[in-house]
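Enquirer: Pasting structure12.pdb below, which is PDB, C-alpha atoms.
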```
ATOM      1  CA  GLY A   1      14.485 -15.006  15.494
ATOM      2  CA  ALA A   2      12.834 -17.127  12.835
ATOM      3  CA  GLY A   3      12.353 -14.442  10.214
ATOM      4  CA  VAL A   4      14.035 -11.448   8.630
ATOM      5  CA  SER A   5      14.031  -8.442  10.929
ATOM      6  CA  GLN A   6      14.547  -4.802  10.068
ATOM      7  CA  SER A   7      15.148  -1.742  12.162
ATOM      8  CA  PRO A   8      13.947   0.838  12.705
ATOM      9  CA  SER A   9      10.387   0.104  11.635
ATOM     10  CA  ASN A  10       9.783   3.796  11.026
ATOM     11  CA  LYS A  11      12.197   6.667  10.520
ATOM     12  CA  VAL A  12      11.449  10.350  10.095
ATOM     13  CA  THR A  13      14.364  12.548   9.140
ATOM     14  CA  GLU A  14      15.074  15.979   7.800
ATOM     15  CA  LYS A  15      16.250  16.600   4.278
ATOM     16  CA  GLY A  16      20.043  16.534   4.100
ATOM     17  CA  LYS A  17      20.557  14.171   7.038
ATOM     18  CA  ASP A  18      22.088  10.708   6.719
ATOM     19  CA  VAL A  19      20.127   7.597   7.683
ATOM     20  CA  GLU A  20      21.156   4.020   8.310
ATOM     21  CA  LEU A  21      18.763   1.103   7.953
ATOM     22  CA  ARG A  22      19.497  -2.343   9.332
ATOM     23  CA  CYS A  23      18.553  -5.818   8.185
ATOM     24  CA  ASP A  24      19.087  -9.089  10.050
ATOM     25  CA  PRO A  25      18.560 -11.983   7.626
ATOM     26  CA  ILE A  26      17.514 -15.522   8.444
ATOM     27  CA  SER A  27      20.461 -17.456   9.820
ATOM     28  CA  GLY A  28      22.187 -19.498   7.129
ATOM     29  CA  HIS A  29      20.788 -17.505   4.213
ATOM     30  CA  THR A  30      23.669 -16.398   2.037
ATOM     31  CA  ALA A  31      21.726 -14.130  -0.312
ATOM     32  CA  LEU A  32      20.436 -10.758   0.854
ATOM     33  CA  TYR A  33      18.513  -8.153  -1.099
ATOM     34  CA  TRP A  34      17.423  -4.586  -0.566
ATOM     35  CA  TYR A  35      14.379  -3.166  -2.341
ATOM     36  CA  ARG A  36      12.566   0.134  -2.237
ATOM     37  CA  GLN A  37       8.836   0.630  -2.609
ATOM     38  CA  ARG A  38       7.617   4.154  -3.096
ATOM     39  CA  LEU A  39       4.002   4.982  -2.369
ATOM     40  CA  GLY A  40       1.743   3.410  -4.976
ATOM     41  CA  GLN A  41       4.620   1.810  -6.855
ATOM     42  CA  GLY A  42       6.187  -1.625  -7.160
ATOM     43  CA  LEU A  43       9.321  -3.131  -5.709
ATOM     44  CA  GLU A  44      12.479  -1.486  -6.992
ATOM     45  CA  PHE A  45      15.652  -3.573  -6.750
ATOM     46  CA  LEU A  46      18.528  -1.748  -5.058
ATOM     47  CA  ILE A  47      21.366  -4.134  -4.214
ATOM     48  CA  TYR A  48      22.042  -7.849  -3.877
ATOM     49  CA  PHE A  49      24.656  -9.697  -1.806
ATOM     50  CA  GLN A  50      25.482 -13.345  -2.533
ATOM     51  CA  GLY A  51      27.968 -14.973  -0.200
ATOM     52  CA  ASN A  52      31.492 -13.658  -0.714
ATOM     53  CA  SER A  53      30.878 -12.470  -4.259
ATOM     54  CA  ALA A  54      31.008  -8.785  -5.134
ATOM     55  CA  PRO A  55      27.564  -7.281  -4.535
ATOM     56  CA  ASP A  56      25.330  -6.367  -7.455
ATOM     57  CA  LYS A  57      24.829  -2.646  -6.953
ATOM     58  CA  SER A  58      23.135  -2.024 -10.284
ATOM     59  CA  GLY A  59      19.892  -0.848  -8.687
ATOM     60  CA  LEU A  60      21.294   1.852  -6.427
ATOM     61  CA  PRO A  61      19.731   5.125  -7.660
ATOM     62  CA  SER A  62      22.652   7.412  -6.843
ATOM     63  CA  ASP A  63      25.987   7.560  -5.064
ATOM     64  CA  ARG A  64      24.168   8.765  -1.961
ATOM     65  CA  PHE A  65      23.091   5.157  -1.470
ATOM     66  CA  SER A  66      25.431   2.463  -0.191
ATOM     67  CA  ALA A  67      25.117  -0.872   1.551
ATOM     68  CA  GLU A  68      27.382  -3.142   3.484
ATOM     69  CA  ARG A  69      27.071  -6.693   4.690
ATOM     70  CA  THR A  70      29.158  -8.342   7.372
ATOM     71  CA  GLY A  71      29.899 -11.866   6.181
ATOM     72  CA  GLU A  72      26.592 -13.665   5.852
ATOM     73  CA  SER A  73      24.839 -11.749   8.583
ATOM     74  CA  VAL A  74      23.581  -8.242   9.177
ATOM     75  CA  SER A  75      23.398  -5.654   6.408
ATOM     76  CA  THR A  76      23.072  -1.887   6.603
ATOM     77  CA  LEU A  77      21.739   0.422   3.920
ATOM     78  CA  THR A  78      22.979   3.985   4.231
ATOM     79  CA  ILE A  79      21.433   6.982   2.533
ATOM     80  CA  GLN A  80      23.493  10.145   2.711
ATOM     81  CA  ARG A  81      22.110  13.656   2.377
ATOM     82  CA  THR A  82      18.546  12.388   2.198
ATOM     83  CA  GLN A  83      16.084  13.951  -0.221
ATOM     84  CA  GLN A  84      12.310  13.983  -0.091
ATOM     85  CA  GLU A  85      12.151  11.551  -3.012
ATOM     86  CA  ASP A  86      13.954   8.995  -0.839
ATOM     87  CA  SER A  87      10.764   8.627   1.187
ATOM     88  CA  ALA A  88       9.653   5.026   0.742
ATOM     89  CA  VAL A  89       9.443   1.656   2.421
ATOM     90  CA  TYR A  90      12.810  -0.082   2.311
ATOM     91  CA  LEU A  91      12.463  -3.851   2.252
ATOM     92  CA  CYS A  92      15.139  -6.414   2.948
ATOM     93  CA  ALA A  93      14.897 -10.059   1.933
ATOM     94  CA  SER A  94      17.116 -13.104   2.339
ATOM     95  CA  SER A  95      17.182 -16.471   0.637
ATOM     96  CA  PRO A  96      19.175 -19.705   0.736
ATOM     97  CA  LYS A  97      22.222 -20.068  -1.466
ATOM     98  CA  ALA A  98      20.526 -20.516  -4.810
ATOM     99  CA  THR A  99      18.696 -17.365  -5.815
ATOM    100  CA  GLN A 100      15.953 -19.349  -7.434
ATOM    101  CA  GLU A 101      14.843 -20.236  -3.970
ATOM    102  CA  THR A 102      12.146 -18.068  -2.524
ATOM    103  CA  GLN A 103      12.989 -14.850  -0.791
ATOM    104  CA  TYR A 104      11.846 -14.168   2.742
ATOM    105  CA  PHE A 105      11.033 -10.545   3.328
ATOM    106  CA  GLY A 106      11.297  -8.455   6.413
ATOM    107  CA  PRO A 107       8.518  -6.065   7.440
ATOM    108  CA  GLY A 108      10.353  -3.071   5.985
ATOM    109  CA  THR A 109      11.488   0.304   7.250
ATOM    110  CA  ARG A 110       9.180   3.177   6.433
ATOM    111  CA  LEU A 111      11.335   6.247   5.768
ATOM    112  CA  LEU A 112       9.895   9.738   5.640
ATOM    113  CA  VAL A 113      12.127  12.623   4.641
ATOM    114  CA  LEU A 114      10.689  15.998   5.554
TER
ATOM    115  CA  ASP B   1      13.713  -0.408 -18.901
ATOM    116  CA  GLN B   2      11.189  -2.539 -17.075
ATOM    117  CA  GLN B   3      11.964  -6.201 -17.650
ATOM    118  CA  VAL B   4       8.912  -7.522 -15.794
ATOM    119  CA  LYS B   5       5.604  -5.841 -16.502
ATOM    120  CA  GLN B   6       2.210  -6.057 -14.889
ATOM    121  CA  ASN B   7       0.045  -3.824 -17.003
ATOM    122  CA  SER B   8      -3.032  -3.924 -14.788
ATOM    123  CA  PRO B   9      -2.418  -1.887 -11.634
ATOM    124  CA  SER B  10      -5.690  -3.096 -10.124
ATOM    125  CA  LEU B  11      -8.324  -5.798 -10.518
ATOM    126  CA  SER B  12     -11.685  -6.284  -8.867
ATOM    127  CA  VAL B  13     -13.393  -9.688  -8.751
ATOM    128  CA  GLN B  14     -16.535 -11.069  -7.133
ATOM    129  CA  GLU B  15     -16.057 -13.659  -4.393
ATOM    130  CA  GLY B  16     -16.214 -17.187  -5.789
ATOM    131  CA  ARG B  17     -15.187 -16.142  -9.288
ATOM    132  CA  ILE B  18     -11.814 -16.614 -10.953
ATOM    133  CA  SER B  19      -9.089 -13.975 -10.605
ATOM    134  CA  ILE B  20      -6.560 -13.800 -13.431
ATOM    135  CA  LEU B  21      -3.437 -11.724 -12.930
ATOM    136  CA  ASN B  22      -1.151 -11.217 -15.886
ATOM    137  CA  CYS B  23       2.577 -10.652 -16.231
ATOM    138  CA  ASP B  24       4.814 -10.069 -19.237
ATOM    139  CA  TYR B  25       8.580 -10.115 -19.410
ATOM    140  CA  THR B  26      11.055  -8.898 -21.977
ATOM    141  CA  ASN B  27      14.217 -10.838 -21.168
ATOM    142  CA  SER B  28      14.243 -14.261 -22.851
ATOM    143  CA  MET B  29      17.017 -15.339 -20.481
ATOM    144  CA  PHE B  30      14.606 -15.493 -17.541
ATOM    145  CA  ASP B  31      14.041 -19.126 -16.606
ATOM    146  CA  TYR B  32      12.340 -19.028 -13.215
ATOM    147  CA  PHE B  33       9.238 -17.117 -12.277
ATOM    148  CA  LEU B  34       7.569 -16.431  -8.964
ATOM    149  CA  TRP B  35       4.461 -14.772  -7.599
ATOM    150  CA  TYR B  36       4.437 -12.957  -4.289
ATOM    151  CA  LYS B  37       1.527 -11.597  -2.305
ATOM    152  CA  LYS B  38       1.696  -8.488  -0.154
ATOM    153  CA  TYR B  39      -0.688  -7.178   2.467
ATOM    154  CA  PRO B  40      -0.477  -3.523   3.590
ATOM    155  CA  ALA B  41       2.302  -2.787   6.079
ATOM    156  CA  GLU B  42       3.816  -6.260   5.636
ATOM    157  CA  GLY B  43       6.631  -7.639   3.513
ATOM    158  CA  PRO B  44       5.749  -9.741   0.452
ATOM    159  CA  THR B  45       5.322 -13.475   0.957
ATOM    160  CA  PHE B  46       6.003 -16.203  -1.576
ATOM    161  CA  LEU B  47       2.932 -17.705  -3.231
ATOM    162  CA  ILE B  48       3.875 -19.980  -6.121
ATOM    163  CA  SER B  49       6.653 -20.451  -8.676
ATOM    164  CA  ILE B  50       7.283 -22.053 -12.036
ATOM    165  CA  SER B  51      10.375 -23.142 -13.910
ATOM    166  CA  SER B  52      10.702 -22.509 -17.630
ATOM    167  CA  ILE B  53      10.694 -26.230 -18.324
ATOM    168  CA  LYS B  54       7.040 -26.316 -17.292
ATOM    169  CA  ASP B  55       3.990 -24.527 -18.612
ATOM    170  CA  LYS B  56       1.755 -24.989 -15.572
ATOM    171  CA  ASN B  57       2.097 -25.320 -11.838
ATOM    172  CA  GLU B  58      -0.802 -25.754  -9.451
ATOM    173  CA  ASP B  59      -1.052 -25.356  -5.700
ATOM    174  CA  GLY B  60      -4.539 -25.542  -4.271
ATOM    175  CA  ARG B  61      -6.578 -22.594  -5.505
ATOM    176  CA  PHE B  62      -3.553 -21.063  -7.222
ATOM    177  CA  THR B  63      -2.300 -21.995 -10.684
ATOM    178  CA  VAL B  64       0.459 -20.321 -12.647
ATOM    179  CA  PHE B  65       0.629 -20.670 -16.420
ATOM    180  CA  LEU B  66       3.741 -19.899 -18.450
ATOM    181  CA  ASN B  67       3.828 -19.182 -22.188
ATOM    182  CA  LYS B  68       7.506 -18.867 -23.057
ATOM    183  CA  SER B  69       6.980 -18.018 -26.708
ATOM    184  CA  ALA B  70       4.790 -15.082 -25.718
ATOM    185  CA  LYS B  71       6.940 -14.202 -22.698
ATOM    186  CA  HIS B  72       3.792 -14.190 -20.652
ATOM    187  CA  LEU B  73       2.651 -15.755 -17.428
ATOM    188  CA  SER B  74      -0.547 -15.582 -15.483
ATOM    189  CA  LEU B  75      -1.768 -16.422 -12.013
ATOM    190  CA  HIS B  76      -5.239 -17.886 -11.649
ATOM    191  CA  ILE B  77      -7.018 -17.918  -8.310
ATOM    192  CA  VAL B  78     -10.189 -19.952  -8.145
ATOM    193  CA  PRO B  79     -12.425 -19.596  -6.306
ATOM    194  CA  SER B  80     -11.430 -16.102  -5.195
ATOM    195  CA  GLN B  81     -11.907 -15.252  -1.528
ATOM    196  CA  PRO B  82     -11.997 -11.878   0.256
ATOM    197  CA  GLY B  83      -8.754 -12.823   2.053
ATOM    198  CA  ASP B  84      -7.038 -12.919  -1.328
ATOM    199  CA  SER B  85      -7.331  -9.131  -1.523
ATOM    200  CA  ALA B  86      -3.718  -7.965  -1.673
ATOM    201  CA  VAL B  87      -1.054  -6.738  -4.068
ATOM    202  CA  TYR B  88       0.395  -9.499  -6.231
ATOM    203  CA  PHE B  89       3.916  -9.203  -7.588
ATOM    204  CA  CYS B  90       5.289 -11.199 -10.483
ATOM    205  CA  ALA B  91       9.063 -11.831 -10.356
ATOM    206  CA  ALA B  92      11.690 -13.449 -12.565
ATOM    207  CA  SER B  93      15.333 -14.483 -12.530
ATOM    208  CA  LYS B  94      17.825 -15.609 -15.165
ATOM    209  CA  THR B  95      20.017 -18.142 -13.499
ATOM    210  CA  SER B  96      21.020 -19.362 -10.111
ATOM    211  CA  TYR B  97      23.006 -16.721  -8.241
ATOM    212  CA  ASP B  98      21.304 -13.966 -10.215
ATOM    213  CA  LYS B  99      19.054 -11.306  -8.774
ATOM    214  CA  VAL B 100      15.287 -11.543  -8.932
ATOM    215  CA  ILE B 101      13.437  -8.761 -10.747
ATOM    216  CA  PHE B 102       9.956  -7.788  -9.592
ATOM    217  CA  GLY B 103       7.101  -6.324 -11.552
ATOM    218  CA  PRO B 104       5.203  -3.280 -10.278
ATOM    219  CA  GLY B 105       2.357  -5.313  -8.815
ATOM    220  CA  THR B 106      -1.400  -5.692  -9.316
ATOM    221  CA  SER B 107      -3.795  -4.818  -6.514
ATOM    222  CA  LEU B 108      -6.541  -7.424  -6.301
ATOM    223  CA  SER B 109      -9.830  -6.694  -4.541
ATOM    224  CA  VAL B 110     -12.206  -9.592  -3.989
ATOM    225  CA  ILE B 111     -15.679  -8.316  -3.276
ATOM    226  CA  PRO B 112     -17.838 -10.375  -0.878
TER
END
```
For the structure just supplied, provide its representation as structure tokens.
Expert:
Amino acid sequence: GAGVSQSPSNKVTEKGKDVELRCDPISGHTALYWYRQRLGQGLEFLIYFQGNSAPDKSGLPSDRFSAERTGESVSTLTIQRTQQEDSAVYLCASSPKATQETQYFGPGTRLLVL
Amino acid sequence: DQQVKQNSPSLSVQEGRISILNCDYTNSMFDYFLWYKKYPAEGPTFLISISSIKDKNEDGRFTVFLNKSAKHLSLHIVPSQPGDSAVYFCAASKTSYDKVIFGPGTSLSVIP
């Protein structure tokens, strides 16, 4: 496709369960970002992948959160033992090699933890 | 520690008037700044950017002003239109290959 895609678009889960969110970036984009947006709040940086460099994980809120990226393609964000405060929209974005290029965002995954 | 701040969570403006959205940053190493626009249930989309070597960048109805000494930038929309109603995020980065940091956003309502 032409844009960044994310799946699922919506996810409802029970507290304590693990969830996996997927992001397919724009082909050829080497940088990939994950953000979280809680209700009524701004974008919160989670993790950043740039090519083959070690990812910048400085935004991950706890060790229950992890992310992987296969080469310069798909990325998955995993949340283990979900908590109600994990409920948010999880946004993925990709950009060309230089990070000062614009980011192209996916539509997000809306996660609700009951 | 919030490095990019947007102190006005919301702003309401009459159609045809100027909208001014403000952003402040704390990290003097930031050298590239961007504004994104977000409609409900959609991902943010890029609007306009400015490099630290400039103090103004204009694109149609949108102009971004940068005051490096004050660590302040602003987005001006003139004339404002109802379709401009959205959340506007200010963002900044330090260098190439560095992550982009977003502010919390300002919700703009343009009243017809």
Enquirer: Do you know which residues lie at most 9 Å from (13.1, 11.3, 10.9), with coordinates as in the file and all atoms listed in the file counted, and could you write them as a ChimeraX atom specification?
Expert: /A:10-14,17,19,111-114
Enquirer: I need the residue nearest Thr63 in chain B from this list: B:Val100, B:Ile20, B:Ala86, B:Ala91. Use all atoms listed in the file for the distance.
Expert: B:Ile20
Enquirer: Using CA of Asp24 in chain A and CA of Arg36 in chain A as the two end points, give the distance in Å to one decimal.
Expert: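 These two atoms are separated by 16.7 Å.
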Enquirer: On this structure, which residues satisfy the ChimeraX specification (/A :<12) & /B, written as number ranges by chain?
Expert: B: 1-7, 9-10, 30-52, 87-107
Enquirer: Could you write out the selected residues, including C-alpha atoms, as a PDB file, keeping the file's coordinate frame?
Expert:
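out-v3.pdb, written as the output of this step:
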```pdb
ATOM      1  CA  ASP B   1      13.713  -0.408 -18.901  1.00  0.00           C
ATOM      2  CA  GLN B   2      11.189  -2.539 -17.075  1.00  0.00           C
ATOM      3  CA  GLN B   3      11.964  -6.201 -17.650  1.00  0.00           C
ATOM      4  CA  VAL B   4       8.912  -7.522 -15.794  1.00  0.00           C
ATOM      5  CA  LYS B   5       5.604  -5.841 -16.502  1.00  0.00           C
ATOM      6  CA  GLN B   6       2.210  -6.057 -14.889  1.00  0.00           C
ATOM      7  CA  ASN B   7       0.045  -3.824 -17.003  1.00  0.00           C
ATOM      8  CA  PRO B   9      -2.418  -1.887 -11.634  1.00  0.00           C
ATOM      9  CA  SER B  10      -5.690  -3.096 -10.124  1.00  0.00           C
ATOM     10  CA  PHE B  30      14.606 -15.493 -17.541  1.00  0.00           C
ATOM     11  CA  ASP B  31      14.041 -19.126 -16.606  1.00  0.00           C
ATOM     12  CA  TYR B  32      12.340 -19.028 -13.215  1.00  0.00           C
ATOM     13  CA  PHE B  33       9.238 -17.117 -12.277  1.00  0.00           C
ATOM     14  CA  LEU B  34       7.569 -16.431  -8.964  1.00  0.00           C
ATOM     15  CA  TRP B  35       4.461 -14.772  -7.599  1.00  0.00           C
ATOM     16  CA  TYR B  36       4.437 -12.957  -4.289  1.00  0.00           C
ATOM     17  CA  LYS B  37       1.527 -11.597  -2.305  1.00  0.00           C
ATOM     18  CA  LYS B  38       1.696  -8.488  -0.154  1.00  0.00           C
ATOM     19  CA  TYR B  39      -0.688  -7.178   2.467  1.00  0.00           C
ATOM     20  CA  PRO B  40      -0.477  -3.523   3.590  1.00  0.00           C
ATOM     21  CA  ALA B  41       2.302  -2.787   6.079  1.00  0.00           C
ATOM     22  CA  GLU B  42       3.816  -6.260   5.636  1.00  0.00           C
ATOM     23  CA  GLY B  43       6.631  -7.639   3.513  1.00  0.00           C
ATOM     24  CA  PRO B  44       5.749  -9.741   0.452  1.00  0.00           C
ATOM     25  CA  THR B  45       5.322 -13.475   0.957  1.00  0.00           C
ATOM     26  CA  PHE B  46       6.003 -16.203  -1.576  1.00  0.00           C
ATOM     27  CA  LEU B  47       2.932 -17.705  -3.231  1.00  0.00           C
ATOM     28  CA  ILE B  48       3.875 -19.980  -6.121  1.00  0.00           C
ATOM     29  CA  SER B  49       6.653 -20.451  -8.676  1.00  0.00           C
ATOM     30  CA  ILE B  50       7.283 -22.053 -12.036  1.00  0.00           C
ATOM     31  CA  SER B  51      10.375 -23.142 -13.910  1.00  0.00           C
ATOM     32  CA  SER B  52      10.702 -22.509 -17.630  1.00  0.00           C
ATOM     33  CA  VAL B  87      -1.054  -6.738  -4.068  1.00  0.00           C
ATOM     34  CA  TYR B  88       0.395  -9.499  -6.231  1.00  0.00           C
ATOM     35  CA  PHE B  89       3.916  -9.203  -7.588  1.00  0.00           C
ATOM     36  CA  CYS B  90       5.289 -11.199 -10.483  1.00  0.00           C
ATOM     37  CA  ALA B  91       9.063 -11.831 -10.356  1.00  0.00           C
ATOM     38  CA  ALA B  92      11.690 -13.449 -12.565  1.00  0.00           C
ATOM     39  CA  SER B  93      15.333 -14.483 -12.530  1.00  0.00           C
ATOM     40  CA  LYS B  94      17.825 -15.609 -15.165  1.00  0.00           C
ATOM     41  CA  THR B  95      20.017 -18.142 -13.499  1.00  0.00           C
ATOM     42  CA  SER B  96      21.020 -19.362 -10.111  1.00  0.00           C
ATOM     43  CA  TYR B  97      23.006 -16.721  -8.241  1.00  0.00           C
ATOM     44  CA  ASP B  98      21.304 -13.966 -10.215  1.00  0.00           C
ATOM     45  CA  LYS B  99      19.054 -11.306  -8.774  1.00  0.00           C
ATOM     46  CA  VAL B 100      15.287 -11.543  -8.932  1.00  0.00           C
ATOM     47  CA  ILE B 101      13.437  -8.761 -10.747  1.00  0.00           C
ATOM     48  CA  PHE B 102       9.956  -7.788  -9.592  1.00  0.00           C
ATOM     49  CA  GLY B 103       7.101  -6.324 -11.552  1.00  0.00           C
ATOM     50  CA  PRO B 104       5.203  -3.280 -10.278  1.00  0.00           C
ATOM     51  CA  GLY B 105       2.357  -5.313  -8.815  1.00  0.00           C
ATOM     52  CA  THR B 106      -1.400  -5.692  -9.316  1.00  0.00           C
ATOM     53  CA  SER B 107      -3.795  -4.818  -6.514  1.00  0.00           C
TER      54      SER B 107
END
```
Enquirer: In Å to one decimal, how far is CA of Ser5 in chain A from CA of Gln84 in chain A?
Expert: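 For CA of Gln84 in chain A relative to CA of Ser5 in chain A, the distance reads 25.0 Å.
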Enquirer: Do a neighbour search on range 64-78 of chain B at 8 Å with only C-alpha atoms, toss out local chain neighbours closer than 3 positions, and write the hits as a list in words.
Expert: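 So, after excluding close chain neighbours, the residues are Gly16, Arg17, Ile18, Ser19, Ile20, Leu21, Asn22, Cys23, Asp24, Tyr25, Thr26, Ser28, Trp35, Ile48, Ser49, Ile50, Ser52, Lys54, Asp55, Lys56, Asn57, Glu58 and Arg61 of chain B.
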Enquirer: What does the distance between CA of Leu60 in chain A and CA of Ser9 in chain A come to in Å, to one decimal place?
Expert: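 Separation between CA of Leu60 in chain A and CA of Ser9 in chain A: 21.2 Å.
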Enquirer: What do you get, as a PyMOL selection string, if you spell out every residue that the PyMOL selection byres ((chain A and resi 73) around 10) selects here?
Expert: chain A and resi 23-32+51+69-72+74-75
